[in-house]
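Data block below; observations after.
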Amino acid sequence: MRHLRTTSRVAARLVLLLGLVVGLGASARAEATKPGSDSDKQFFPIASYRVGAYASSGVQIWAGLIDYFRYINDVEGGINGVKLVWQECETEWTADKGIECYERFKHGLNGAPVGLYLPNGAPAAFALTDRSYTDKIPQITLAYGRTEATDGRVFPYIFPVVLTFYSEASVLVNYIAQREGGLDKLKGKKIATVYHDSAYGRETLEPLKLLSEKYGFENIQIPVADPGNEQSAQWRQVREAKPDWVFLRTWGVSTPVAIKTAARFGVPVDHIIGDVWASSEEDVIPAGDAAKGYLALTPYPGGTNFDIHARLRKTIIDTGKSDLRDTKSFGSVYYNSGLVDAIIQVETIRAAQAKFGKRPVTGEEAQWALEHLVLDDAKLKANGAYGLVQNLKLSPADHEGGGAARVQQWDGTKWNLVSDWVQADRALLRPLIDAKSAAYAKEKGITPRDLAAGQ
Amino acid sequence: MSQSLSSPLLVLPDNNFRLFTPAILLIGFIVVPVTGSDYWLGAILVPFLILSLAGLGLNLLTGYAGQTSLGSGGFMSVGAFATFGLVVHGGVPLPVALLLSGLITAGAGLLFGLPSDRIKGFYLMVSSLAAQFFFEWLFQKFPWFYNYDSSGTIELPRLSVFGLDVSSPVGRYLTTLVIVVALTWFAANLVRSQTGRSWMAIRDMDTAAAVIGIPVYRTKVLAFAVSSFYLGVAGALWAFIYLGSASVQSFGIARSFQVLFIIIIGGVGSISGNFIGAAFISLLPLAIDHVAQHLFAGHVDAGLLQNIQKAIFGLLIILFLVREPDGLARLFKSFGERLTNWPLRF
């Protein structure tokens, strides 16, 4: 026995050493999508959250997404004949489960390759940043994620399309200027921002500071600590400051609490403008009557008056094919955000097919397509998304491409659009973004792409 | 709670299974890296190993020294943010930073272990919540800790260990495995040393321990420090080897509960129990999900399917705990014993 024991110890040590050598040697392998029964289809992974704290908004987003995919498959016969397949994976809005889902999906499904990936949640998006580049699969973070990823030189595979938080701040100021009668009227005005004291909430501090210096309005910043279910102190501060406008950058439970507390302190609700993550039905319904007249910025307005909704109602909703269990949510802000997610994905694949051929495309091809994506009025009218999706024009240097939002107002039962697309002054903010992306590149040791040489 | 002292590492009885540990190491270091896919290595085995390590950390405190804690997530965040600070602000190489951040976390754990002199049992557990919420607040409130990053997340420039790039899934897996094996070996020896025996004496009856001359308070605080060291290293691995980028949200109260469940399900006061518990907690839901996706996707409402999976997982936990309240490690052990004596079972 003694002898066996010593032998086994020696063996164990040998094994350890050998394992290290063999293991590191084997680490260079890469896997590609294996051919399978669905090789002629395009795979759309859905990193969803149907359980957990955000499930109630999640179910509407995935329904919008899936309904549009079904519409493309059943009514339009796929994208240029290439059918779509999709599968869900539950992330619970966490980074660790989000990574598992990404790793599960990145090699495709039954031979259908992945073109695009939506991490659907900030923690997973941040955690997956590096993998996008390693695996050459572009990631879309719509209206969240890293602002500095706008700079495609440093972030070739990350696309914060449509609207970053910097652009959001600029849209806010431009909208207020519209209401006040011009940018020159902003001088001497007071804009208070009540923000969630987290990285998300702090993201607009810098652009608003720059904008207030440029236009001469007074910039008041009031943080709300997470979770924000008691905000008397903050709104007392707001009332004392007597601002002309309030920008509400809360999320989750802190939004209805903010609206109710504002009403209690006599802050006029029709001069409170919510941000992208404080602009859904879930944010205002709990606030009850206090929310009547509340304004909100959104890159995916609610409502069913868009052309695509008429098509979906006829072919998906009324035929019982919808993923919604309760079709009352049809046209909600979150449902429409799912639609916007889906439309941008489908249009990207379409653009990739126009360049590379009418077949399922790879991540690299989809990355090219995203960097050259153009959605103009003609295209949006054709796919029925006019008014729902803003004009987009991306480039290798500009991964945002839009930078506009519409303002909607809550009338107690539904959202009504009160503005057209309000465009951000993106040129003004770009130097701030470039500085951030340069700092990121320096910290991570990334050499920015030389676009002049590559194109 | 008590557990045989002879072989905490071995799940199966000694004599007939002497080759068990080398066999596990052989599989872990050679078979798995050669045959495993990126998905298995990077997305399943790495988190499993790190959670096992975190479970081990808490088990030293709760299972061996008898001190309850719900601050595991908080201590893991200390390890992660300390590693980040050391690498980014101090330019310390990763392996050294891991060790140092473990020591920093040990210091933090020592501090939060001080009340254990007066507070006991469930009350101590509640007071350990303070650690959890304090660190969550600390690493969110002061941007210095995440180097003023606009997203509030921390990530390392590049993963290299002694000049070798370990950012590939196999590299990540092997790095984790080496650390986990080394720390498990240390823990297995520690609990059989005088320190470990003092911990168990205090766990079983602290008055009696004091009577036989064990410095109760010092030993308790030491348990907090050692446990936090393990949790700190696990936190740093979780942030940088598994996630790649982390924020306080990765180390919330849910993480503390997860680590606690690992040791309860795996076996309180057992080394191998942490691995079994972590496997149960991290692999079983995945297995259920794969089966469910295969059988029901498209036929059952996706939200319902997810919730049913959660319910099945919960039922399995209850089932196993009813079957064996001492945890799965004990279940495996008695199964192994029966196997050894088979066919003469009685």
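Ligands are numbered from 1 in the order shown, chains are lettered A, B, ... in the order of the structure tokens, and residues start at 1 in each chain.
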May I have the residues within 12 Å of Ile308 of chain B as a PDB file with C-alpha atoms, in the first residue's frame, using only C-alpha atoms and disregarding those fewer than 2 positions away in the same chain?
ATOM      1  CA  ARG A  50     -37.807  36.074 -18.630  1.00  0.00           C
ATOM      2  CA  VAL A  51     -37.145  35.487 -14.952  1.00  0.00           C
TER       3      VAL A  51
ATOM      4  CA  PRO B 285     -29.532  24.336 -14.067  1.00  0.00           C
ATOM      5  CA  ILE B 288     -31.975  21.142 -17.092  1.00  0.00           C
ATOM      6  CA  ASP B 289     -31.931  24.027 -19.565  1.00  0.00           C
ATOM      7  CA  ALA B 292     -35.697  21.620 -21.743  1.00  0.00           C
ATOM      8  CA  PHE B 296     -39.821  21.743 -25.353  1.00  0.00           C
ATOM      9  CA  VAL B 300     -44.039  25.754 -24.410  1.00  0.00           C
ATOM     10  CA  ASP B 301     -44.066  29.466 -23.624  1.00  0.00           C
ATOM     11  CA  ALA B 302     -40.437  30.452 -23.101  1.00  0.00           C
ATOM     12  CA  GLY B 303     -41.078  32.391 -19.899  1.00  0.00           C
ATOM     13  CA  LEU B 304     -43.055  29.526 -18.438  1.00  0.00           C
ATOM     14  CA  LEU B 305     -40.322  27.100 -19.423  1.00  0.00           C
ATOM     15  CA  GLN B 306     -37.732  29.181 -17.558  1.00  0.00           C
ATOM     16  CA  LYS B 310     -36.367  27.070 -11.613  1.00  0.00           C
ATOM     17  CA  ALA B 311     -39.084  25.092  -9.872  1.00  0.00           C
ATOM     18  CA  ILE B 312     -37.545  21.762 -10.882  1.00  0.00           C
ATOM     19  CA  PHE B 313     -34.175  22.938  -9.605  1.00  0.00           C
ATOM     20  CA  GLY B 314     -35.746  23.946  -6.294  1.00  0.00           C
ATOM     21  CA  LEU B 315     -37.496  20.607  -5.994  1.00  0.00           C
TER      22      LEU B 315
END
(request) Please identify every residue of chain B that has at least one atom no more than 7 Å from any atom of chain A, counting only C-alpha atoms, and report them as a PyMOL selection string. (result) chain B and resi 18-19+22+25-26+29-30+33-34+39+43+140+150-152+157+168+170-171+243-246+303+306-307
(message) Between atom CA of Asn305 of chain A and atom CA of Gly293 of chain A, what is the distance in Å, rounded to a tenth?
(response) 20.2 Å
